[in-house]
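Novice: A single structure is presented below for examination.
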Amino acid sequence: MSQVSEATARYHKLIESEPYIDLTWAEALRERLQAAKLVSRPLSPVLRPHFVTSREYASLGRAAAVVFSAIERAQQMAMATPSLLSRMQLLPAERMLAAVEPGYSSQTMAGLLDANLHNGSLHFVGHRVGVPSSVVYADMLADLYYDAPPVKEFRKKHKLSKLGTIKPLVQAMLKAYKEFGGKNKKPSIAIVESRAPFQPADSSENSLLAEHLRREGFTAEMVSPEQLEYKNSQLRRGDMVIDIVYRCVRLQDFLVRFDLNHALVRAYKERAVCMVNSFRSEVSAKRGLFDLLTDDTVVAKFPAAERKAIADFIPWTRLVQAAKTTYKNHTVDLPDFVMKHRAKLVLKPNDDSSDQNTFRGAELDELAWEKALRQAMRSPYVVQEVAEPARAVFPLLQYGSLIMKEMQVEVHPHFFSGKLHGASSWLSVAGSSGFSTLSGLAPTFLLEAK
């Protein structure tokens, strides 16, 4: 039995025995989550942490660091090569803003990788940028679960460590600001977001981040794009002069509502404010970047370590189009290949923020897959070889009772200024690709060796 399997079995046995079986502790934990304003999704639906061994975390970190370096290199290459940049399917405004130098060296100040850990194998199936990415939620969940009664009992025999990530997030912001040329020791920070009308302002992850920054002595406010004004080379919200914009609105969503004369765009172009993540980071947020990474002709001159990591950890990916391409050194007609191999392929929108659906070939019949492919041919989509997701059984509190349910587990290593700092774990119902109220975060703990 593996270290994680043994620890999981012991934890499940613990919560199914006295004094924890009556679930009073679980109800108390839910009350603490509510008191901590952890009431918006993603919220943890489960009653145990996700355990990652020290060895797994070290391996994940080594692989993720090399892959993240390759992503940065591919983005730089795309920015310098018009033919490669055109493969990213950028809107004209996205391309124009990507050309603006952000004022600091890291292409992506804050981001995460979507990792599938399955039976000892590891695959990175996506890269995300531009939002807190569960950093704050994950830290707060870990603090609350760490002191939950069964976890405290469990820790008497198993050493657990939290994977804190809020502090390195703030440090990365300040590093970018200093490199940008900022002089204020305590710069004012605007967390710019577009909040849905029904979303409570005081319980969002951005609000919790702003509270943390204020406790650390910063002037920090949540700001909507409508509240910004640019005058006399200063970006302001009312009386607040803004030094750092922490951008939590995706560029495509921004461009639907605002033009390129908006105060935020003008301040960014004129280097009047340090924006993290910059508009340039949108290039690496496109799923089409994995098309470049898995194209041997593009990465031929990448360092050997990066080429090996790409081959080992990134599934074959191509932008969907009527064209010839290569698959395992064979030339294939891409649409024909996609139709013939649906069981091992998935179709994903090029933009993570897109409202378009993801289609998994194994879940569709041939007619539905053909329809999905036609849709993918009309708008920017990628096709990717499926990486088998990890699955694990988790205890849940449902209608006042304890149930056990198999969940799919994605581990998300967090990167700030190019370095790994912690990870979070996202759970979804196994075999379901649609919405589920059971989807959410699991607090992630490092399980130390005995």
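If you're wondering about the labels, chains in the structure tokens are A, B, ... by order shown, residues count from 1 in each chain, ligands from 1 in order shown.
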Got a sec to tell me which of range 148-383 of chain A DSSP assigns to strand (DSSP E), as a VMD selection string?

Specialist: chain A and resid 160 to 162 189 to 192 220 to 223 229 to 231 234 to 237 240 to 241 244 to 247 274 to 276 317 to 319 324 to 327 330 to 333 345 to 349 359 to 360 381 to 383

Novice: Using the selection just defined, write its residues with C-alpha atoms as a CSV table (one decimal), in the first residue's frame.

Specialist:
chain,number,residue,atom,x,y,z
A,160,LEU,CA,1.4,17.3,7.5
A,161,SER,CA,2.7,20.6,6.1
A,162,LYS,CA,0.6,23.4,4.6
A,189,ILE,CA,-2.7,48.2,-5.2
A,190,ALA,CA,-5.9,48.1,-7.2
A,191,ILE,CA,-7.4,44.6,-7.7
A,192,VAL,CA,-9.2,45.2,-11.0
A,220,ALA,CA,-5.5,47.9,-1.5
A,221,GLU,CA,-9.0,48.1,-3.0
A,222,MET,CA,-11.1,46.1,-5.3
A,223,VAL,CA,-11.8,48.3,-8.3
A,229,GLU,CA,-9.7,57.4,-14.6
A,230,TYR,CA,-6.4,58.5,-16.1
A,231,LYS,CA,-5.3,62.1,-15.6
A,234,GLN,CA,-1.8,59.0,-12.9
A,235,LEU,CA,-4.2,56.1,-12.8
A,236,ARG,CA,-6.8,56.8,-10.1
A,237,ARG,CA,-9.9,55.5,-8.5
A,240,MET,CA,-6.5,56.7,-4.7
A,241,VAL,CA,-3.5,57.0,-6.9
A,244,ILE,CA,0.0,48.4,-9.1
A,245,VAL,CA,-2.9,47.0,-11.0
A,246,TYR,CA,-3.5,43.3,-10.1
A,247,ARG,CA,-5.6,42.4,-13.2
A,274,CYS,CA,2.7,48.5,-13.2
A,275,MET,CA,0.2,45.8,-14.3
A,276,VAL,CA,0.4,42.2,-13.2
A,317,THR,CA,-2.0,19.5,-29.1
A,318,ARG,CA,-3.0,21.1,-32.4
A,319,LEU,CA,-5.2,24.1,-33.4
A,324,LYS,CA,-1.9,18.6,-42.7
A,325,THR,CA,0.1,18.1,-39.4
A,326,THR,CA,2.3,15.6,-37.7
A,327,TYR,CA,1.4,13.0,-35.1
A,330,HIS,CA,3.6,10.7,-39.3
A,331,THR,CA,2.0,13.3,-41.5
A,332,VAL,CA,-1.8,13.2,-41.1
A,333,ASP,CA,-4.8,15.1,-42.4
A,345,LEU,CA,-9.0,13.1,-28.1
A,346,VAL,CA,-10.6,16.1,-26.5
A,347,LEU,CA,-11.7,19.4,-28.2
A,348,LYS,CA,-11.1,22.6,-26.1
A,349,PRO,CA,-11.8,26.3,-26.8
A,359,PHE,CA,-16.0,18.0,-26.0
A,360,ARG,CA,-14.5,14.6,-24.9
A,381,TYR,CA,-10.4,25.4,-30.8
A,382,VAL,CA,-7.5,23.0,-30.1
A,383,VAL,CA,-7.6,19.2,-30.1

Novice: Pick the closest to Glu282 in chain A from A:Glu94, A:Glu306, A:Glu388, A:Glu270: which is it, counting only C-alpha atoms?

Specialist: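 Answer, going by the shortest atom-to-atom distance: A:Glu94.
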
Novice: Neighbouring residues of range 120-129 of chain A were defined as those with any atom within 9 Å, considering only C-alpha atoms; residues of the same chain fewer than 4 positions away were excluded. Please report them as a compact mmCIF listing (two decimals) with N, CA and C atoms, in the first residue's frame.

Specialist:
# COMPACT_ATOMS: atom_id res chain seq x y z
N GLU A 56 6.32 13.26 -4.34
CA GLU A 56 5.47 13.67 -5.45
C GLU A 56 5.58 15.18 -5.69
N LEU A 60 6.82 16.93 -8.99
CA LEU A 60 5.92 17.86 -9.64
C LEU A 60 6.60 19.21 -9.85
N ALA A 63 9.37 19.04 -12.65
CA ALA A 63 8.78 18.97 -13.99
C ALA A 63 8.10 20.28 -14.36
N ALA A 64 7.34 20.84 -13.41
CA ALA A 64 6.60 22.07 -13.69
C ALA A 64 7.54 23.23 -13.97
N VAL A 67 8.75 22.90 -17.55
CA VAL A 67 7.66 23.17 -18.48
C VAL A 67 7.32 24.66 -18.49
N PHE A 68 7.30 25.27 -17.30
CA PHE A 68 7.00 26.70 -17.24
C PHE A 68 8.06 27.51 -17.98
N ILE A 71 7.28 27.26 -21.60
CA ILE A 71 6.14 28.12 -21.94
C ILE A 71 6.60 29.56 -22.14
N THR A 108 4.85 36.01 -17.34
CA THR A 108 3.68 35.74 -16.52
C THR A 108 4.07 35.83 -15.06
N MET A 109 3.61 36.87 -14.38
CA MET A 109 3.97 37.05 -12.97
C MET A 109 3.32 35.99 -12.10
N ALA A 110 2.03 35.69 -12.36
CA ALA A 110 1.31 34.70 -11.56
C ALA A 110 0.56 33.77 -12.50
N GLY A 111 0.70 32.47 -12.28
CA GLY A 111 0.00 31.51 -13.12
C GLY A 111 0.01 30.13 -12.49
N LEU A 112 -0.71 29.22 -13.10
CA LEU A 112 -0.70 27.84 -12.63
C LEU A 112 -0.77 26.90 -13.81
N LEU A 113 -0.38 25.67 -13.57
CA LEU A 113 -0.48 24.61 -14.56
C LEU A 113 -1.56 23.62 -14.12
N ASP A 114 -2.31 23.10 -15.08
CA ASP A 114 -3.28 22.04 -14.80
C ASP A 114 -2.56 20.71 -14.93
N ALA A 115 -2.43 19.99 -13.82
CA ALA A 115 -1.64 18.75 -13.82
C ALA A 115 -2.54 17.55 -13.52
N ASN A 116 -2.34 16.49 -14.29
CA ASN A 116 -2.97 15.20 -14.02
C ASN A 116 -1.90 14.24 -13.51
N SER A 133 -6.39 32.41 -8.88
CA SER A 133 -6.23 30.97 -9.12
C SER A 133 -6.29 30.17 -7.83
N ASN A 277 -1.13 40.46 -13.87
CA ASN A 277 -0.33 40.10 -15.03
C ASN A 277 -0.53 41.11 -16.16
N SER A 281 0.73 38.60 -21.10
CA SER A 281 0.55 37.24 -20.57
C SER A 281 -0.60 36.51 -21.24
N GLU A 282 -1.49 37.26 -21.92
CA GLU A 282 -2.62 36.62 -22.59
C GLU A 282 -2.16 35.65 -23.68
N SER A 284 0.32 33.44 -23.53
CA SER A 284 0.53 32.10 -22.97
C SER A 284 -0.74 31.51 -22.38
N ALA A 285 -1.79 32.34 -22.22
CA ALA A 285 -3.06 31.81 -21.73
C ALA A 285 -3.83 31.08 -22.83
N LYS A 286 -3.46 31.30 -24.08
CA LYS A 286 -4.12 30.61 -25.19
C LYS A 286 -3.71 29.14 -25.19
N ARG A 287 -4.69 28.28 -25.34
CA ARG A 287 -4.37 26.84 -25.39
C ARG A 287 -3.55 26.50 -26.63
N PHE A 290 0.18 25.38 -26.61
CA PHE A 290 0.61 23.98 -26.54
C PHE A 290 0.76 23.37 -27.93
N ASP A 312 7.67 14.39 -22.42
CA ASP A 312 7.24 13.52 -21.32
C ASP A 312 5.91 13.97 -20.69
N PHE A 313 5.65 15.29 -20.65
CA PHE A 313 4.59 15.79 -19.78
C PHE A 313 3.48 16.57 -20.47
N ILE A 314 3.65 16.96 -21.73
CA ILE A 314 2.61 17.74 -22.40
C ILE A 314 1.96 16.90 -23.50
N PRO A 315 0.66 16.68 -23.44
CA PRO A 315 -0.01 15.89 -24.48
C PRO A 315 0.02 16.60 -25.84
N ASP A 352 -9.45 30.01 -22.42
CA ASP A 352 -9.95 29.42 -21.19
C ASP A 352 -11.20 30.13 -20.72
N GLN A 384 -6.62 17.93 -28.34
CA GLN A 384 -5.53 17.47 -27.47
C GLN A 384 -5.72 15.99 -27.16
N VAL A 386 -5.90 12.92 -24.90
CA VAL A 386 -6.42 12.84 -23.53
C VAL A 386 -5.35 12.31 -22.58
N ALA A 387 -5.21 12.99 -21.44
CA ALA A 387 -4.37 12.49 -20.35
C ALA A 387 -5.31 11.96 -19.27
N GLU A 388 -5.13 10.71 -18.91
CA GLU A 388 -6.04 10.07 -17.96
C GLU A 388 -6.02 10.81 -16.63

Novice: With distances taken over only C-alpha atoms, which residue among A:Val283, A:Met96, A:Leu427, A:Val298 lies nearest Val265 in chain A?

Specialist: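 When distances to Val265 in chain A are compared using only C-alpha atoms, the smallest one comes from A:Met96.
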
Novice: I need the residues of range 265-331 of chain A that end up classed as alpha helix (DSSP H) by DSSP on the backbone, written out as a list in words.

Specialist: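 Answer for range 265-331 of chain A, restricted to alpha helix (DSSP H): Val265, Arg266, Ala267, Tyr268, Lys269, Glu282, Val283, Ser284, Ala285, Leu289, Phe290, Asp291, Leu292, Leu293, Asp296, Thr297, Val298, Val299, Ala304, Ala305, Glu306, Arg307, Lys308, Ala309, Ile310, Ala311, Asp312 and Phe313 of chain A.
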
Novice: Do you have the CA of Leu23 in chain A-CA of Ala7 in chain A distance handy?

Specialist: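 Separation between CA of Leu23 in chain A and CA of Ala7 in chain A: 20.2 Å.
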
Novice: For CA of Ser424 in chain A and CA of Glu410 in chain A, quote the distance in Å rounded to one decimal.

Specialist: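 Going from CA of Ser424 in chain A over to CA of Glu410 in chain A covers 8.4 Å.
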
Novice: Which polymer residues have any atom within 7 Å of an atom of range 435-449 of chain A, counting only C-alpha atoms, with same-chain residues fewer than 3 positions away left out, as a list in words?

Specialist: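 My reading of the contact set: Arg41, Pro42, Leu43, Ser44, Pro45, Val46, Pro49, His50, Phe51, Val52, Thr53, Ser54, Ala138, Leu141, Ala142, Lys159, Leu160, Ser161, Lys162, Leu163, Ser424, Ser425, Trp426, Leu427, Ser428 and Val429 of chain A.
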
Novice: Measuring between only C-alpha atoms, which one of A:Leu209, A:Ala9, A:Ala28, A:Val338 shows the shortest distance to Arg374 in chain A?

Specialist: A:Val338

Novice: Using CA of Ala93 in chain A and CA of Lys175 in chain A as the two end points, give the distance in Å to one decimal.

Specialist: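 For CA of Ala93 in chain A relative to CA of Lys175 in chain A, the distance reads 27.7 Å.
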